[in-house]
Amino acid sequence: MDQVPSVPDGVPDPGPPGSVDLDDLLRRSSRGDESAFAGLYDAVAPKVHGLSLRVVRDPAQAEEVAQEAFLEIWRTAARYRSERGSALSWMLTIAHRRAVDRVRAAESATRRDVAYEQRNQPVSHDSTAEAAQASLEARRVRSALDALTPVQREAVALAYFGGYTHTEIATMLDLPIGTAKTRIRDGLIRLRDTLGVEA
């Protein structure tokens, strides 16, 4: 698409786009006049390709977009209405829409590829081992908590999982503060013994 194609035999050279009646060429193209379409193509191909290239920024993609735009122009030439704007702007609008669609499709494909890669990334051995270790530790702690008396378990849970102070726990359980502290201390000693942790 670097060079404008030569004018086919029997078709007058349209000259620069400004000297060609694009409206007439579009009307004739809409009736299936291939020579009119060839003249239309020659007149506007550089502009359609240039616009496509500015949007997609890739010469090969720009050529494909321009071809798609001209195919759409050929198929939909009968829809052009001169009262709504110039023939050139109508054709460039089609090319621009095609180019934007191509960019969006490429971005969407890239996003899908990235998402797929992230979803299917193998989990490293270390993180799998760490997750397994954490799960085992959690199971051991739950088992140790089950070995506490209900009052010890409640006091320890409030202190270490709830984050409450001794005074708050005493108030919540309606106990003297000394009793709350004793339950927490006894629960921790029992946990330590169950888990086999060195003092």
# chains A, B, ... in the order shown; residues from 1 in each chain; ligands from 1

call {"tool": "residues_around", "arguments": {"residues": "Leu53 in chain A", "least_positions_apart": "5", "cutoff": "10 Å", "atoms": "only C-alpha atoms", "output": "list of chain:residue names"}}
result
A:Lys47, A:Val48, A:Asp58, A:Pro59, A:Ala60, A:Gln61, A:Ala62, A:Glu63, A:Val65, A:Ala66, A:His96, A:Ala99

call {"tool": "write_last_selection", "arguments": {"atoms": "N, CA and C atoms", "output": "PDB file, in the first residue's frame"}}
result
ATOM      1  N   LYS A  47      -5.173   8.468   1.583  1.00  0.00           N
ATOM      2  CA  LYS A  47      -5.740   9.059   2.806  1.00  0.00           C
ATOM      3  C   LYS A  47      -6.263   7.980   3.754  1.00  0.00           C
ATOM      4  N   VAL A  48      -6.941   6.978   3.197  1.00  0.00           N
ATOM      5  CA  VAL A  48      -7.477   5.883   4.025  1.00  0.00           C
ATOM      6  C   VAL A  48      -6.327   5.121   4.685  1.00  0.00           C
ATOM      7  N   ASP A  58       0.980   0.254  12.776  1.00  0.00           N
ATOM      8  CA  ASP A  58       1.698  -0.899  12.266  1.00  0.00           C
ATOM      9  C   ASP A  58       1.388  -0.993  10.772  1.00  0.00           C
ATOM     10  N   PRO A  59       2.413  -0.900   9.905  1.00  0.00           N
ATOM     11  CA  PRO A  59       2.150  -0.858   8.461  1.00  0.00           C
ATOM     12  C   PRO A  59       1.338  -2.042   7.941  1.00  0.00           C
ATOM     13  N   ALA A  60       1.673  -3.248   8.373  1.00  0.00           N
ATOM     14  CA  ALA A  60       0.945  -4.428   7.889  1.00  0.00           C
ATOM     15  C   ALA A  60      -0.513  -4.386   8.344  1.00  0.00           C
ATOM     16  N   GLN A  61      -0.722  -4.031   9.600  1.00  0.00           N
ATOM     17  CA  GLN A  61      -2.089  -3.927  10.124  1.00  0.00           C
ATOM     18  C   GLN A  61      -2.851  -2.818   9.404  1.00  0.00           C
ATOM     19  N   ALA A  62      -2.163  -1.708   9.124  1.00  0.00           N
ATOM     20  CA  ALA A  62      -2.805  -0.581   8.441  1.00  0.00           C
ATOM     21  C   ALA A  62      -3.277  -0.993   7.051  1.00  0.00           C
ATOM     22  N   GLU A  63      -2.486  -1.796   6.351  1.00  0.00           N
ATOM     23  CA  GLU A  63      -2.897  -2.270   5.032  1.00  0.00           C
ATOM     24  C   GLU A  63      -4.150  -3.131   5.132  1.00  0.00           C
ATOM     25  N   VAL A  65      -6.410  -3.035   7.524  1.00  0.00           N
ATOM     26  CA  VAL A  65      -7.532  -2.170   7.902  1.00  0.00           C
ATOM     27  C   VAL A  65      -8.042  -1.410   6.685  1.00  0.00           C
ATOM     28  N   ALA A  66      -7.135  -0.885   5.871  1.00  0.00           N
ATOM     29  CA  ALA A  66      -7.536  -0.146   4.670  1.00  0.00           C
ATOM     30  C   ALA A  66      -8.311  -1.054   3.728  1.00  0.00           C
ATOM     31  N   HIS A  96     -11.611   4.893   9.984  1.00  0.00           N
ATOM     32  CA  HIS A  96     -11.269   5.154  11.391  1.00  0.00           C
ATOM     33  C   HIS A  96     -11.931   4.133  12.303  1.00  0.00           C
ATOM     34  N   ALA A  99     -10.137   0.877  12.038  1.00  0.00           N
ATOM     35  CA  ALA A  99      -8.825   0.930  12.705  1.00  0.00           C
ATOM     36  C   ALA A  99      -8.979   0.847  14.217  1.00  0.00           C
TER      37      ALA A  99
END

call {"tool": "residues_around", "arguments": {"residues": "Arg97 in chain A", "least_positions_apart": "5", "cutoff": "9 Å", "atoms": "only C-alpha atoms", "output": "number ranges by chain"}}
result
A: 69, 92, 102

call {"tool": "write_last_selection", "arguments": {"atoms": "C-alpha atoms", "output": "PDB file, in the first residue's frame"}}
result
ATOM      1  CA  ALA A  69     -12.498  -0.290   4.937  1.00  0.00           C
ATOM      2  CA  LEU A  92     -12.553   8.153   6.404  1.00  0.00           C
ATOM      3  CA  ARG A 102      -8.554  -3.446  15.204  1.00  0.00           C
TER       4      ARG A 102
END

call {"tool": "residues_around", "arguments": {"residues": "Ser143 in chain A", "least_positions_apart": "4", "cutoff": "12 Å", "atoms": "only C-alpha atoms", "output": "ChimeraX atom specification"}}
result
/A:136-139,147-148,153,190-191,194-195

call {"tool": "write_last_selection", "arguments": {"atoms": "N, CA and C atoms", "output": "PDB file, in the first residue's frame"}}
result
ATOM      1  N   LEU A 136      -0.905 -27.180  58.380  1.00  0.00           N
ATOM      2  CA  LEU A 136      -0.608 -28.138  59.451  1.00  0.00           C
ATOM      3  C   LEU A 136      -0.521 -27.438  60.807  1.00  0.00           C
ATOM      4  N   GLU A 137       0.144 -26.283  60.826  1.00  0.00           N
ATOM      5  CA  GLU A 137       0.271 -25.533  62.081  1.00  0.00           C
ATOM      6  C   GLU A 137      -1.104 -25.113  62.592  1.00  0.00           C
ATOM      7  N   ALA A 138      -1.944 -24.644  61.697  1.00  0.00           N
ATOM      8  CA  ALA A 138      -3.292 -24.204  62.100  1.00  0.00           C
ATOM      9  C   ALA A 138      -4.073 -25.387  62.687  1.00  0.00           C
ATOM     10  N   ARG A 139      -3.925 -26.551  62.078  1.00  0.00           N
ATOM     11  CA  ARG A 139      -4.618 -27.733  62.570  1.00  0.00           C
ATOM     12  C   ARG A 139      -4.125 -28.108  63.973  1.00  0.00           C
ATOM     13  N   ALA A 147      -8.224 -28.877  73.472  1.00  0.00           N
ATOM     14  CA  ALA A 147      -7.820 -29.538  74.711  1.00  0.00           C
ATOM     15  C   ALA A 147      -8.033 -28.647  75.937  1.00  0.00           C
ATOM     16  N   LEU A 148      -8.283 -27.348  75.740  1.00  0.00           N
ATOM     17  CA  LEU A 148      -8.513 -26.428  76.863  1.00  0.00           C
ATOM     18  C   LEU A 148      -9.926 -26.607  77.403  1.00  0.00           C
ATOM     19  N   ARG A 153     -10.505 -21.664  76.960  1.00  0.00           N
ATOM     20  CA  ARG A 153     -10.547 -21.414  75.513  1.00  0.00           C
ATOM     21  C   ARG A 153     -11.171 -20.054  75.224  1.00  0.00           C
ATOM     22  N   ARG A 190      -1.358 -24.690  79.268  1.00  0.00           N
ATOM     23  CA  ARG A 190      -1.884 -25.943  78.715  1.00  0.00           C
ATOM     24  C   ARG A 190      -1.616 -26.024  77.202  1.00  0.00           C
ATOM     25  N   LEU A 191      -1.770 -24.903  76.520  1.00  0.00           N
ATOM     26  CA  LEU A 191      -1.473 -24.868  75.078  1.00  0.00           C
ATOM     27  C   LEU A 191      -0.007 -25.217  74.830  1.00  0.00           C
ATOM     28  N   THR A 194       0.556 -28.868  75.300  1.00  0.00           N
ATOM     29  CA  THR A 194      -0.069 -29.669  74.232  1.00  0.00           C
ATOM     30  C   THR A 194       0.737 -29.569  72.948  1.00  0.00           C
ATOM     31  N   LEU A 195       1.220 -28.362  72.654  1.00  0.00           N
ATOM     32  CA  LEU A 195       1.959 -28.153  71.409  1.00  0.00           C
ATOM     33  C   LEU A 195       3.428 -28.579  71.536  1.00  0.00           C
TER      34      LEU A 195
END

call {"tool": "closest_residue", "arguments": {"among": "A:Ala170, A:Leu22, A:Arg119, A:Leu158", "to": "Ser89 in chain A", "atoms": "only C-alpha atoms"}}
result
A:Leu22

call {"tool": "closest_residue", "arguments": {"among": "A:Ala115, A:Val44, A:Ile177, A:Leu145", "to": "Arg192 in chain A", "atoms": "only C-alpha atoms"}}
result
A:Leu145

call {"tool": "atom_distance", "arguments": {"atom1": "CA of Arg104 in chain A", "atom2": "CA of Gln67 in chain A"}}
result
17.9 Å

call {"tool": "closest_residue", "arguments": {"among": "A:Leu188, A:Pro176, A:Val55, A:Arg140", "to": "Ala157 in chain A", "atoms": "only C-alpha atoms"}}
result
A:Leu188
